[in-house]
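Okay, so here's the structure we're looking at.
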Amino acid sequence: MEQALELARKAEAAGEVPVGAVVVADDALIGEGFNQPIASDDATAHAEIVALRDAGSRRGNYRLPGVTLYVTLEPCTMCAGAMIHARVSRLVYAAPDPRTGAAGSACDIFAAAHHNHRVAVEGGLLAEQSAALLRAFFRARRG
């Protein structure tokens with residue numbers, strides 16, 4: 001999660017919402033990303049999607065069974081759906097997102113019984129550090 005926080009700081013430095021994500025398999029980093037929808041003119045360029053694309057490219061397969069995705073903010077519905085389709089085994093997120101969090105805060109995509117894949121979900125790892133980064137970013141923008 002510390003690496004994901006570093007990536008969130010890169011997003012912030014680029015003027016993006018500070019969210020970072022890493023994909024880990026067998027204790028090795030296989031994918032990483034940070035928010036970049038503004039710079040890329042791509043609404044899907046959330047940290048989780050960028051990290052999943054990176055991991056898929058490195059593995060040569062979009063399916064990523066056995067991996068853990070660490071992200072600094074609870075995923076939205078788009079990112080949650082991508083994790084299910086990628087067959088991510090485990091999600092660990094830092095700060096909850098009461099407005100758009102899809103792992104239990106605003107809704108719980110992962111709990112839907114009709115999905116053919118289950119992602120184990122854990123929240124709260126380094127939550128305060130991530131939340132502080134986000135609060136400072138939005139405070140500065142509201143100026």
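Within each chain, counting starts at residue 1; across the structure tokens, chains are named A, B, ... in the order shown, with ligands numbered 1 upward in that order.
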
Which polymer residues have any atom within 10 Å of an atom of range 16-32 of chain A, counting only C-alpha atoms, with same-chain residues fewer than 6 positions away left out, as a PyMOL selection string?
chain A and resi 1-10+38-39+46-59+64-75+88-93+130-131+133-138

Filtering to C-alpha atoms, could you give me those residues as a CSV table (one decimal), in the first residue's frame?
```csv
chain,number,residue,atom,x,y,z
A,1,MET,CA,0.0,0.0,0.0
A,2,GLU,CA,3.0,2.3,0.6
A,3,GLN,CA,3.9,2.0,-3.1
A,4,ALA,CA,0.2,2.8,-4.0
A,5,LEU,CA,0.5,6.0,-1.8
A,6,GLU,CA,3.6,7.0,-3.7
A,7,LEU,CA,1.8,6.6,-7.0
A,8,ALA,CA,-1.1,8.7,-5.5
A,9,ARG,CA,1.4,11.5,-4.9
A,10,LYS,CA,2.5,11.2,-8.5
A,38,ILE,CA,-7.4,14.4,-17.2
A,39,ALA,CA,-4.0,14.0,-18.8
A,46,HIS,CA,-8.6,5.4,-13.0
A,47,ALA,CA,-5.6,4.1,-11.0
A,48,GLU,CA,-7.1,0.6,-10.7
A,49,ILE,CA,-7.7,0.3,-14.5
A,50,VAL,CA,-4.3,1.6,-15.3
A,51,ALA,CA,-2.7,-0.9,-12.9
A,52,LEU,CA,-4.8,-3.8,-14.3
A,53,ARG,CA,-3.8,-2.9,-17.9
A,54,ASP,CA,-0.2,-2.8,-16.8
A,55,ALA,CA,-0.4,-6.2,-15.1
A,56,GLY,CA,-2.4,-7.7,-18.0
A,57,SER,CA,0.2,-6.5,-20.5
A,58,ARG,CA,3.1,-7.9,-18.4
A,59,ARG,CA,1.3,-11.2,-18.0
A,64,LEU,CA,-5.2,-12.1,-13.3
A,65,PRO,CA,-6.2,-14.9,-10.9
A,66,GLY,CA,-4.2,-15.1,-7.7
A,67,VAL,CA,-3.3,-11.4,-7.6
A,68,THR,CA,-4.0,-8.8,-5.0
A,69,LEU,CA,-4.9,-5.2,-6.0
A,70,TYR,CA,-3.9,-2.5,-3.5
A,71,VAL,CA,-5.5,0.9,-4.0
A,72,THR,CA,-5.6,4.1,-1.9
A,73,LEU,CA,-9.3,4.7,-2.3
A,74,GLU,CA,-12.3,2.4,-2.3
A,75,PRO,CA,-13.0,1.5,-6.0
A,88,VAL,CA,-8.6,-10.5,-9.2
A,89,SER,CA,-8.4,-12.7,-6.1
A,90,ARG,CA,-8.2,-10.0,-3.5
A,91,LEU,CA,-8.7,-6.2,-3.1
A,92,VAL,CA,-7.2,-4.2,-0.4
A,93,TYR,CA,-8.1,-0.5,-0.2
A,130,SER,CA,-4.7,8.1,2.1
A,131,ALA,CA,-7.7,10.2,3.4
A,133,LEU,CA,-3.8,13.1,1.0
A,134,LEU,CA,-7.2,13.3,-0.6
A,135,ARG,CA,-8.5,16.0,1.9
A,136,ALA,CA,-5.4,18.2,1.4
A,137,PHE,CA,-5.8,17.9,-2.4
A,138,PHE,CA,-9.5,18.9,-2.4
```

May I have all residues of range 32-141 of chain A that DSSP, computed from the backbone, assigns to alpha helix (DSSP H), given as a VMD selection string?
chain A and resid 37 to 40 47 to 59 77 to 86 127 to 141

List as a list in words the protein and nucleic acid residues near Ala103 in chain A, meaning an atom at most 10 Å away when only C-alpha atoms are counted, but skip any in the same chain fewer than 6 places from it.
Glu74, Pro75, Cys76, Thr77, Ala80, Leu91, Tyr93, Pro96, Asp97, Ile109, Phe110, Ala111, Val121, Glu122 and Gly123 of chain A

Expressed in Å to a single decimal, how great is the separation between CA of Pro98 in chain A and CA of Gly124 in chain A?
13.3 Å

His115 in chain A environment, 10 Å, only C-alpha atoms, sequence neighbours closer than 6 positions dropped, as a list of chain:residue names
A:Gly81, A:Ile84, A:His85, A:Ile109

Could you please write out, as number ranges by chain, every residue of chain A that DSSP assigns to strand (DSSP E or B)?
A: 20-25, 28-34, 68-73, 90-95, 103, 108, 120-123
